[in-house]
>>> print(open('work15.txt').read())   # compact mmCIF, C-alpha atoms and all ligand atoms
# COMPACT_ATOMS: atom_id res chain seq x y z
CA SER A 115 79.83 53.20 63.66
CA LYS A 116 76.71 55.01 64.82
CA PRO A 117 73.36 54.74 63.02
CA PRO A 118 72.15 57.73 60.97
CA VAL A 119 69.52 60.07 62.40
CA THR A 120 67.21 62.51 60.63
CA VAL A 121 65.92 65.67 62.29
CA LEU A 122 63.00 67.63 60.82
CA GLY A 123 62.71 71.16 62.20
CA LEU A 124 65.67 73.43 62.92
CA GLY A 125 64.21 76.02 65.25
CA ALA A 126 65.96 76.81 68.51
CA MET A 127 65.22 73.35 69.89
CA GLY A 128 65.67 71.30 66.69
CA SER A 129 69.06 72.94 66.12
CA ALA A 130 70.14 72.15 69.70
CA LEU A 131 69.13 68.49 69.17
CA VAL A 132 71.17 68.32 65.95
CA GLU A 133 74.22 69.89 67.59
CA ALA A 134 74.09 67.33 70.39
CA LEU A 135 73.82 64.48 67.84
CA LEU A 136 76.80 65.81 65.87
CA VAL A 137 78.92 66.18 69.03
CA ALA A 138 78.03 62.57 69.91
CA GLY A 139 79.14 61.42 66.46
CA TYR A 140 75.80 60.49 64.85
CA PRO A 141 75.60 61.02 61.07
CA THR A 142 72.73 63.52 60.97
CA THR A 143 70.49 64.53 58.08
CA VAL A 144 68.47 67.72 58.56
CA TRP A 145 65.52 69.46 56.93
CA ASN A 146 63.77 72.74 57.71
CA ARG A 147 60.99 74.69 55.95
CA THR A 148 63.28 77.73 55.81
CA PRO A 149 66.43 76.12 54.34
CA ASP A 150 68.85 78.82 55.54
CA ARG A 151 68.57 77.57 59.09
CA ALA A 152 70.45 74.41 58.07
CA LYS A 153 73.62 76.33 57.16
CA PRO A 154 75.31 76.55 60.59
CA LEU A 155 74.59 72.84 61.15
CA VAL A 156 76.00 71.82 57.77
CA THR A 157 79.19 73.66 58.73
CA LYS A 158 79.33 71.37 61.77
CA GLY A 159 78.85 68.22 59.71
CA ALA A 160 75.11 67.75 59.15
CA VAL A 161 73.78 66.68 55.74
CA HIS A 162 71.08 68.99 54.36
CA ALA A 163 68.18 67.26 52.59
CA THR A 164 66.24 69.43 50.16
CA ASN A 165 62.84 67.89 50.83
CA VAL A 166 61.05 65.94 53.54
CA SER A 167 60.93 62.55 51.82
CA GLU A 168 64.66 62.69 51.05
CA ALA A 169 65.35 63.55 54.70
CA VAL A 170 63.11 60.73 55.95
CA ALA A 171 64.65 58.21 53.54
CA ALA A 172 68.13 58.92 54.90
CA SER A 173 67.61 57.32 58.34
CA ARG A 174 65.54 54.64 60.04
CA LEU A 175 65.20 56.99 63.03
CA VAL A 176 63.37 60.24 62.26
CA ILE A 177 63.07 62.94 64.91
CA VAL A 178 60.60 65.78 64.43
CA CYS A 179 60.69 69.00 66.47
CA LEU A 180 58.43 71.71 65.05
CA LEU A 181 56.34 74.51 66.47
CA ASP A 182 53.07 72.61 66.99
CA TYR A 183 51.11 69.59 65.80
CA LYS A 184 49.67 71.43 62.83
CA SER A 185 53.20 71.95 61.54
CA VAL A 186 53.98 68.28 62.26
CA THR A 187 51.16 66.99 60.04
CA ASP A 188 51.82 69.70 57.42
CA VAL A 189 55.39 68.44 57.15
CA LEU A 190 54.92 64.67 57.57
CA ASP A 191 52.00 64.54 55.12
CA THR A 192 54.50 65.53 52.40
CA ALA A 193 56.80 62.57 53.18
CA GLY A 194 54.70 60.12 51.18
CA ASP A 195 55.72 56.46 51.37
CA ALA A 196 59.14 57.32 52.78
CA LEU A 197 57.80 57.19 56.34
CA ALA A 198 56.57 53.59 56.20
CA GLY A 199 58.37 51.40 58.72
CA ARG A 200 60.46 54.22 60.22
CA VAL A 201 60.83 54.97 63.89
CA LEU A 202 59.26 58.41 64.37
CA VAL A 203 60.18 60.31 67.54
CA ASN A 204 58.02 63.41 67.89
CA LEU A 205 59.50 65.97 70.28
CA THR A 206 57.01 68.71 69.38
CA ASN A 207 55.03 70.10 72.31
CA GLY A 208 51.38 69.08 72.20
CA THR A 209 48.44 67.59 74.07
CA PRO A 210 47.96 63.88 74.88
CA ALA A 211 45.12 63.74 72.33
CA GLN A 212 47.32 65.24 69.60
CA ALA A 213 50.05 62.68 70.30
CA ARG A 214 47.56 59.82 69.94
CA GLN A 215 46.25 61.27 66.68
CA VAL A 216 49.72 61.50 65.15
CA ALA A 217 50.49 57.94 66.32
CA ASP A 218 47.41 56.72 64.41
CA ARG A 219 47.96 58.87 61.34
CA TYR A 220 51.27 57.41 60.10
CA ASP A 221 52.53 53.92 59.39
CA VAL A 222 55.49 54.21 61.78
CA ASP A 223 56.90 52.84 65.02
CA TYR A 224 55.84 55.88 67.09
CA LEU A 225 57.42 57.43 70.14
CA ASP A 226 56.19 60.73 71.52
CA GLY A 227 58.42 62.91 73.65
CA GLY A 228 58.30 65.90 75.96
CA ILE A 229 61.44 67.96 76.43
CA MET A 230 61.92 69.26 79.98
CA ALA A 231 64.74 71.64 79.14
CA VAL A 232 65.50 74.80 77.18
CA PRO A 233 67.79 74.53 74.13
CA PRO A 234 71.09 75.43 75.88
CA MET A 235 70.48 72.59 78.35
CA ILE A 236 70.23 69.90 75.65
CA GLY A 237 73.05 67.38 76.03
CA GLY A 238 73.83 68.67 79.52
CA PRO A 239 73.23 67.15 82.96
CA GLY A 240 70.07 69.17 83.77
CA ALA A 241 68.01 68.06 80.78
CA PHE A 242 65.43 65.31 80.90
CA LEU A 243 62.86 64.10 78.43
CA PHE A 244 59.67 62.06 78.78
CA TYR A 245 58.90 59.37 76.19
CA SER A 246 55.78 57.30 75.60
CA GLY A 247 54.51 54.99 72.88
CA SER A 248 56.45 52.15 71.30
CA ARG A 249 58.55 50.43 73.97
CA SER A 250 60.75 48.73 71.36
CA ALA A 251 61.41 52.06 69.62
CA PHE A 252 62.48 53.49 72.96
CA ASP A 253 64.71 50.55 73.91
CA THR A 254 66.33 50.21 70.48
CA ASN A 255 67.09 53.91 70.13
CA ARG A 256 67.90 54.62 73.75
CA PRO A 257 71.57 55.50 73.11
CA VAL A 258 70.53 58.21 70.64
CA LEU A 259 67.81 59.58 72.93
CA ASP A 260 70.20 59.67 75.89
CA VAL A 261 72.33 62.14 73.92
CA PHE A 262 69.72 64.86 74.53
CA GLY A 263 69.36 64.31 78.28
CA GLU A 264 68.06 61.79 80.79
CA SER A 265 65.38 59.66 79.09
CA GLN A 266 62.27 58.73 81.08
CA TYR A 267 59.87 56.23 79.51
CA VAL A 268 56.38 56.67 80.97
CA GLY A 269 54.22 54.11 79.14
CA THR A 270 52.99 52.54 75.93
CA ASP A 271 50.09 54.99 75.48
CA SER A 272 51.66 57.66 73.26
CA GLY A 273 49.72 60.41 75.05
CA LEU A 274 51.50 59.85 78.38
CA ALA A 275 54.65 61.87 77.62
CA ALA A 276 52.53 64.97 76.91
CA LEU A 277 50.48 64.24 80.04
CA HIS A 278 53.63 64.22 82.20
CA ASP A 279 55.08 67.21 80.36
CA ILE A 280 51.98 69.36 80.89
CA GLY A 281 51.70 68.11 84.46
CA LEU A 282 55.17 69.45 85.24
CA LEU A 283 54.48 72.69 83.38
CA SER A 284 51.33 73.13 85.49
CA GLY A 285 53.43 73.00 88.65
CA MET A 286 55.92 75.42 87.14
CA TYR A 287 53.29 77.94 86.10
CA GLY A 288 51.59 77.70 89.48
CA MET A 289 54.91 78.68 91.03
CA PHE A 290 55.36 81.52 88.50
CA VAL A 291 51.86 82.78 89.36
CA GLY A 292 52.67 82.98 93.07
CA VAL A 293 56.06 84.60 92.48
CA LEU A 294 54.64 87.29 90.20
CA HIS A 295 51.83 88.06 92.60
CA ALA A 296 54.27 88.26 95.52
CA PHE A 297 56.57 90.70 93.71
CA ALA A 298 53.60 92.86 92.66
CA PHE A 299 52.25 92.82 96.21
CA VAL A 300 55.40 93.86 98.07
CA GLY A 301 56.27 96.21 95.22
CA THR A 302 53.25 98.35 96.12
CA GLU A 303 55.24 99.55 99.14
CA GLY A 304 58.49 99.92 97.24
CA VAL A 305 60.15 96.66 98.32
CA PRO A 306 62.53 95.89 95.43
CA ALA A 307 62.02 92.47 93.83
CA THR A 308 65.73 91.74 94.18
CA THR A 309 65.48 92.35 97.94
CA PHE A 310 62.45 90.10 98.29
CA ALA A 311 63.76 87.33 95.99
CA PRO A 312 66.02 85.54 98.52
CA LEU A 313 63.18 85.41 101.07
CA LEU A 314 60.79 84.10 98.44
CA LYS A 315 63.16 81.35 97.34
CA ARG A 316 63.79 80.27 100.91
CA TYR A 317 60.09 80.14 101.76
CA ILE A 318 59.00 78.38 98.57
CA GLY A 319 61.80 75.85 99.11
CA GLY A 320 60.55 75.21 102.63
CA MET A 321 57.02 74.63 101.37
CA LEU A 322 58.04 71.93 98.88
CA GLY A 323 57.11 69.26 101.43
CA PHE A 324 53.49 70.01 100.47
CA VAL A 325 54.02 67.98 97.29
CA ASP A 326 54.68 64.69 99.10
CA GLY A 327 52.10 65.29 101.81
CA ALA A 328 49.37 66.10 99.31
CA ALA A 329 50.38 63.15 97.11
CA GLU A 330 49.86 60.68 99.94
CA GLN A 331 46.49 62.19 100.89
CA ILE A 332 45.33 62.21 97.25
CA ASP A 333 46.32 58.60 96.57
CA LYS A 334 44.67 57.44 99.81
CA ASP A 335 41.67 59.69 99.20
CA ASP A 336 41.99 60.88 102.81
CA TYR A 337 42.67 64.54 103.54
CA THR A 338 42.82 63.99 107.32
CA ILE A 339 46.27 62.33 107.19
CA ASN A 340 49.04 64.39 108.88
CA VAL A 341 47.13 67.68 108.77
CA VAL A 342 49.42 70.44 109.98
CA SER A 343 47.44 73.48 108.83
CA ASN A 344 43.75 72.76 108.34
CA ILE A 345 41.83 74.31 105.48
CA ALA A 346 39.47 76.33 107.73
CA MET A 347 42.46 78.24 109.09
CA GLN A 348 44.01 78.58 105.63
CA SER A 349 40.75 79.75 104.10
CA ALA A 350 40.45 82.51 106.71
CA GLY A 351 44.03 83.57 106.00
CA TYR A 352 43.37 83.58 102.27
CA VAL A 353 40.60 86.13 102.76
CA ASN A 354 43.29 88.45 104.17
CA LEU A 355 45.51 87.76 101.17
CA THR A 356 42.71 88.68 98.77
CA GLN A 357 41.56 91.69 100.85
CA SER A 358 45.05 93.18 101.22
CA THR A 359 45.68 92.68 97.51
CA HIS A 360 42.65 94.91 96.85
CA ASP A 361 43.77 97.36 99.54
CA GLN A 362 47.24 97.64 97.97
CA GLY A 363 45.61 98.47 94.65
CA ILE A 364 46.71 95.50 92.55
CA SER A 365 44.70 92.90 90.70
CA PRO A 366 44.05 89.62 92.55
CA GLU A 367 43.35 87.73 89.33
CA LEU A 368 46.39 85.41 89.43
CA LEU A 369 45.62 84.06 92.92
CA ALA A 370 41.90 84.76 93.32
CA PRO A 371 40.51 81.36 92.12
CA LEU A 372 41.82 79.37 95.09
CA GLY A 373 39.86 81.43 97.67
CA PRO A 374 36.32 80.35 96.70
CA LEU A 375 37.45 76.73 96.30
CA MET A 376 38.82 76.65 99.85
CA ALA A 377 35.69 78.34 101.19
CA ARG A 378 33.54 75.69 99.51
CA ARG A 379 35.50 72.85 101.08
CA VAL A 380 35.00 74.46 104.49
CA ALA A 381 31.28 75.03 103.81
CA ASP A 382 30.97 71.38 102.75
CA GLY A 383 32.22 70.29 106.20
CA HIS A 384 35.89 69.61 105.42
CA GLY A 385 37.34 72.48 107.49
CA HIS A 386 39.41 70.15 109.69
CA GLU A 387 41.03 68.53 106.65
CA ASP A 388 44.01 69.56 104.56
CA LEU A 389 44.09 72.04 101.67
CA ALA A 390 44.78 69.19 99.23
CA GLY A 391 41.08 68.23 99.44
CA VAL A 392 40.40 71.09 97.01
CA ILE A 393 41.39 68.61 94.30
CA GLU A 394 38.01 66.90 94.84
CA LEU A 395 36.30 70.03 93.53
CA LEU A 396 38.57 70.06 90.45
CA LYS A 397 37.90 66.38 89.73
CA LYS A 398 34.17 66.90 89.83
CA GLY A 399 34.44 70.08 87.79
CA LYS A 400 31.76 71.49 90.13
CA LYS A 401 30.89 75.13 89.78
P1 LIG B 1 61.08 77.77 67.05
O1 LIG B 1 60.02 78.79 66.98
O2 LIG B 1 62.48 78.22 67.28
O3 LIG B 1 61.08 76.88 65.73
C1 LIG B 1 59.88 76.45 65.17
C2 LIG B 1 60.16 75.44 64.08
O4 LIG B 1 58.91 75.01 63.52
C3 LIG B 1 60.97 76.02 62.93
O5 LIG B 1 61.78 74.98 62.41
C4 LIG B 1 59.87 76.40 61.94
O6 LIG B 1 60.31 76.44 60.61
C5 LIG B 1 58.94 75.23 62.12
N1 LIG B 1 57.59 75.46 61.65
C6 LIG B 1 56.62 76.22 62.21
N2 LIG B 1 55.48 76.14 61.51
C7 LIG B 1 55.73 75.31 60.47
C8 LIG B 1 54.95 74.83 59.39
N3 LIG B 1 53.65 75.16 59.26
N4 LIG B 1 55.53 74.00 58.50
C9 LIG B 1 56.84 73.65 58.64
N5 LIG B 1 57.62 74.07 59.63
C10 LIG B 1 57.07 74.88 60.56
O7 LIG B 1 60.62 76.75 68.21
P2 LIG B 1 61.56 75.76 69.07
O8 LIG B 1 62.54 75.11 68.21
O9 LIG B 1 62.02 76.48 70.28
O10 LIG B 1 60.48 74.72 69.57
C11 LIG B 1 60.16 73.55 68.82
C12 LIG B 1 59.32 72.65 69.72
O11 LIG B 1 60.07 72.32 70.88
C13 LIG B 1 58.01 73.32 70.18
O12 LIG B 1 56.96 72.40 70.13
C14 LIG B 1 58.35 73.72 71.59
O13 LIG B 1 57.18 73.79 72.41
C15 LIG B 1 59.27 72.59 72.02
N6 LIG B 1 60.08 72.99 73.16
C16 LIG B 1 60.81 74.14 73.10
C17 LIG B 1 61.51 74.58 74.20
C18 LIG B 1 62.28 75.85 74.16
O14 LIG B 1 62.63 76.36 75.24
N7 LIG B 1 62.62 76.40 72.99
C19 LIG B 1 61.50 73.81 75.46
C20 LIG B 1 60.77 72.57 75.39
C21 LIG B 1 60.07 72.21 74.28
P3 LIG B 1 60.88 77.83 59.97
O15 LIG B 1 62.32 77.91 60.41
O16 LIG B 1 60.71 77.63 58.53
O17 LIG B 1 60.03 78.95 60.53
>>> encode(input="work15.txt", output="structure tokens")
Amino acid sequence: SKPPVTVLGLGAMGSALVEALLVAGYPTTVWNRTPDRAKPLVTKGAVHATNVSEAVAASRLVIVCLLDYKSVTDVLDTAGDALAGRVLVNLTNGTPAQARQVADRYDVDYLDGGIMAVPPMIGGPGAFLFYSGSRSAFDTNRPVLDVFGESQYVGTDSGLAALHDIGLLSGMYGMFVGVLHAFAFVGTEGVPATTFAPLLKRYIGGMLGFVDGAAEQIDKDDYTINVVSNIAMQSAGYVNLTQSTHDQGISPELLAPLGPLMARRVADGHGHEDLAGVIELLKKGKK
């Protein structure tokens, strides 16, 4: 028979986690600040605990998925002695520093997690989750964690899951920024977004090779490796991007910051190198 699991937090994500556990046959105890949210899960077989310490006492493995780290400490601080010796898996989104603070705050075997999926994807093939912290907690509870999606352990420092999580989100938001700007830009001349979308997807897909090329240059600290389009040329082109954005009457604020960074690399004598060298300016935090 499968070991019991407790889940604290039944928002959109917590509820999806519980449903996946129930489908997989894990006896699941649930708690939520607003008790009504437990009802649909109880119908599907979950046990509803009336307070946090009762919920925590029900299972050696306790999973918490709340809005933010403030809600995590608000809730776990009420657990009292019940937490001692438990495995705590925190799937709440937060910063690396917050993860390390929670790891230090409670007498638990701590595993932090980052969920790279939206609730409907939980338990499906597209979902994956980062974990960091206690290696033994990860290994011992791996079958349970694998219920949610593909589990990726990224290191014993509990902050590393959040680091990887936010790293991926950074790439995602960068892409969103470019897509929104592009739609706004062509929209100024009445090009429908749905007409432009297939071209945008094709071009962005073709540009994905940048990731590997930049990665090699960054790790080798050499931005002259395999330069296809040097930054002097790109910087000149970017001036046109910024200028035409103004001319078309839309705000350049989503894409504007890259222009001055490229210009500085060129001015500093790196014009023959690749765009990826801009990362040197970020690392130094130079103004
Ligand atoms: P919801 O807004 O749906 O749920 C928030 C949960 O937090 C509820 O259970 C709510 O309780 C609880 N909560 C908030 N504040 C407190 C508090 N002070 N004390 C006790 N409980 C509190 O969010 P999600 O379920 O979607 O997200 C949960 C976590 O999962 C977040 O950290 C989110 O970033 C992360 N995540 C979510 C994804 C998504 O697409 N939804 C994707 C990846 C990660 P109550 O019901 O009483 O309000």
>>> residues_near_point(input="work15.txt", point="(42.4, 80.4, 92.8)", cutoff="12 Å", atoms="only C-alpha atoms", output="NGL selection string")
:A and (288 or 291-292 or 349 or 352-353 or 355-356 or 366-377 or 392-393 or 396)
>>> residues_near_ligand(input="work15.txt", ligand="ligand LIG 1 (chain B)", cutoff="10 Å", atoms="only C-alpha atoms and all ligand atoms", output="PyMOL selection string")
chain A and resi 122-131+145-152+178-190+204-208+227-236+243+279
>>> closest_residue(input="work15.txt", among="A:Gly273, A:Gly247, A:Gly383, A:Gly263", to="Gln212 (chain A)", atoms="only C-alpha atoms")
A:Gly273
>>> atom_distance(input="work15.txt", atom1="CA of Ala276 (chain A)", atom2="CA of Asp333 (chain A)")
21.6 Å
>>> atom_distance(input="work15.txt", atom1="CA of Ala198 (chain A)", atom2="CA of Asp221 (chain A)")
5.2 Å
>>> residues_around(input="work15.txt", residues="Val261 (chain A)", least_positions_apart="2", cutoff="12 Å", atoms="all atoms listed in the file", output="count of residues only")
27
>>> residues_around(input="work15.txt", residues="Gly301 (chain A)", least_positions_apart="4", cutoff="10 Å", atoms="only C-alpha atoms", output="VMD selection string")
chain A and resid 295 to 297 305 to 307 310 362 364
>>> atom_distance(input="work15.txt", atom1="CA of Phe244 (chain A)", atom2="CA of Met286 (chain A)")
16.2 Å
>>> residues_around(input="work15.txt", residues="Leu274 (chain A)", least_positions_apart="6", cutoff="7 Å", atoms="all atoms listed in the file", output="list in words")
Pro210, Ser246 and Val268 of chain A
>>> closest_residue(input="work15.txt", among="A:His386, A:Arg316, A:His278, A:Val156", to="Met347 (chain A)", atoms="only C-alpha atoms")
A:His386
>>> residues_around(input="work15.txt", residues="Leu202 (chain A)", least_positions_apart="4", cutoff="7 Å", atoms="only C-alpha atoms", output="JSON, numbers by chain")
{"A": [175, 176, 177, 222, 223, 224, 225]}
>>> residues_around(input="work15.txt", residues="Thr142 (chain A)", least_positions_apart="4", cutoff="9 Å", atoms="all atoms listed in the file", output="list of chain:residue names")
A:Pro118, A:Val119, A:Thr120, A:Val121, A:Val132, A:Leu135, A:Leu136, A:Gly159, A:Ala160, A:Val161, A:His162, A:Ala172, A:Ser173
>>> closest_residue(input="work15.txt", among="A:Pro154, A:Gly194, A:Gly281, A:Gly319", to="Thr209 (chain A)", atoms="all atoms listed in the file")
A:Gly281
>>> closest_residue(input="work15.txt", among="A:Ser272, A:Thr192, A:Thr308, A:Thr359", to="Asp226 (chain A)", atoms="all atoms listed in the file")
A:Ser272
>>> closest_residue(input="work15.txt", among="A:Thr143, A:Gly304, A:Lys334, A:Val342", to="Lys158 (chain A)", atoms="only C-alpha atoms")
A:Thr143
>>> closest_residue(input="work15.txt", among="A:Leu322, A:Glu303, A:Tyr337, A:Val203", to="Ala275 (chain A)", atoms="only C-alpha atoms")
A:Val203
>>> decode(input="work15.txt", residues="region 316-387 of chain A", atoms="C-alpha atoms", output="short mmCIF file (atom, residue, chain, number, x, y, z; two decimals), in the first residue's frame")
data_model
loop_
_atom_site.label_atom_id
_atom_site.label_comp_id
_atom_site.auth_asym_id
_atom_site.auth_seq_id
_atom_site.Cartn_x
_atom_site.Cartn_y
_atom_site.Cartn_z
CA ARG A 316 8.58 30.32 -37.21
CA TYR A 317 11.19 33.05 -36.74
CA ILE A 318 11.48 32.68 -32.96
CA GLY A 319 11.83 28.92 -33.44
CA GLY A 320 14.64 29.50 -35.92
CA MET A 321 16.45 31.78 -33.48
CA LEU A 322 16.50 29.21 -30.67
CA GLY A 323 20.03 28.21 -31.69
CA PHE A 324 21.14 31.42 -29.95
CA VAL A 325 20.70 29.66 -26.60
CA ASP A 326 23.39 27.03 -27.25
CA GLY A 327 25.73 29.42 -29.03
CA ALA A 328 25.56 31.98 -26.24
CA ALA A 329 25.93 29.25 -23.59
CA GLU A 330 29.22 28.08 -25.06
CA GLN A 331 30.58 31.63 -25.35
CA ILE A 332 29.51 32.48 -21.79
CA ASP A 333 31.04 29.36 -20.23
CA LYS A 334 34.29 29.89 -22.15
CA ASP A 335 34.21 33.63 -21.45
CA ASP A 336 34.94 34.21 -25.15
CA TYR A 337 32.44 36.09 -27.30
CA THR A 338 34.50 35.67 -30.48
CA ILE A 339 33.59 31.97 -30.88
CA ASN A 340 31.43 31.24 -33.97
CA VAL A 341 30.26 34.83 -34.42
CA VAL A 342 27.67 34.92 -37.19
CA SER A 343 26.21 38.39 -36.61
CA ASN A 344 28.57 40.71 -34.76
CA ILE A 345 27.27 43.13 -32.16
CA ALA A 346 28.33 46.27 -34.10
CA MET A 347 25.98 45.26 -36.93
CA GLN A 348 23.22 44.26 -34.49
CA SER A 349 23.58 47.48 -32.52
CA ALA A 350 23.13 49.54 -35.69
CA GLY A 351 20.04 47.51 -36.57
CA TYR A 352 18.65 47.97 -33.08
CA VAL A 353 18.74 51.73 -33.53
CA ASN A 354 16.32 51.24 -36.44
CA LEU A 355 14.10 49.06 -34.26
CA THR A 356 13.94 51.75 -31.58
CA GLN A 357 13.56 54.62 -34.10
CA SER A 358 10.75 52.95 -36.06
CA THR A 359 8.96 52.10 -32.82
CA HIS A 360 8.88 55.83 -32.05
CA ASP A 361 7.87 56.62 -35.64
CA GLN A 362 4.96 54.16 -35.46
CA GLY A 363 3.76 55.88 -32.31
CA ILE A 364 4.14 53.08 -29.76
CA SER A 365 6.15 52.88 -26.58
CA PRO A 366 9.60 51.26 -26.85
CA GLU A 367 9.75 50.51 -23.14
CA LEU A 368 9.62 46.70 -23.37
CA LEU A 369 12.61 46.45 -25.73
CA ALA A 370 14.45 49.73 -25.14
CA PRO A 371 16.96 48.55 -22.45
CA LEU A 372 18.96 46.29 -24.79
CA GLY A 373 19.91 49.16 -27.16
CA PRO A 374 22.20 51.13 -24.80
CA LEU A 375 23.80 47.90 -23.54
CA MET A 376 24.76 46.86 -27.07
CA ALA A 377 26.03 50.35 -27.85
CA ARG A 378 28.24 50.23 -24.75
CA ARG A 379 29.78 46.92 -25.76
CA VAL A 380 30.60 48.39 -29.17
CA ALA A 381 32.01 51.57 -27.60
CA ASP A 382 34.13 49.41 -25.28
CA GLY A 383 35.79 47.80 -28.34
CA HIS A 384 33.78 44.56 -28.57
CA GLY A 385 32.01 45.37 -31.86
CA HIS A 386 33.43 42.30 -33.64
CA GLU A 387 32.16 39.98 -30.91
#
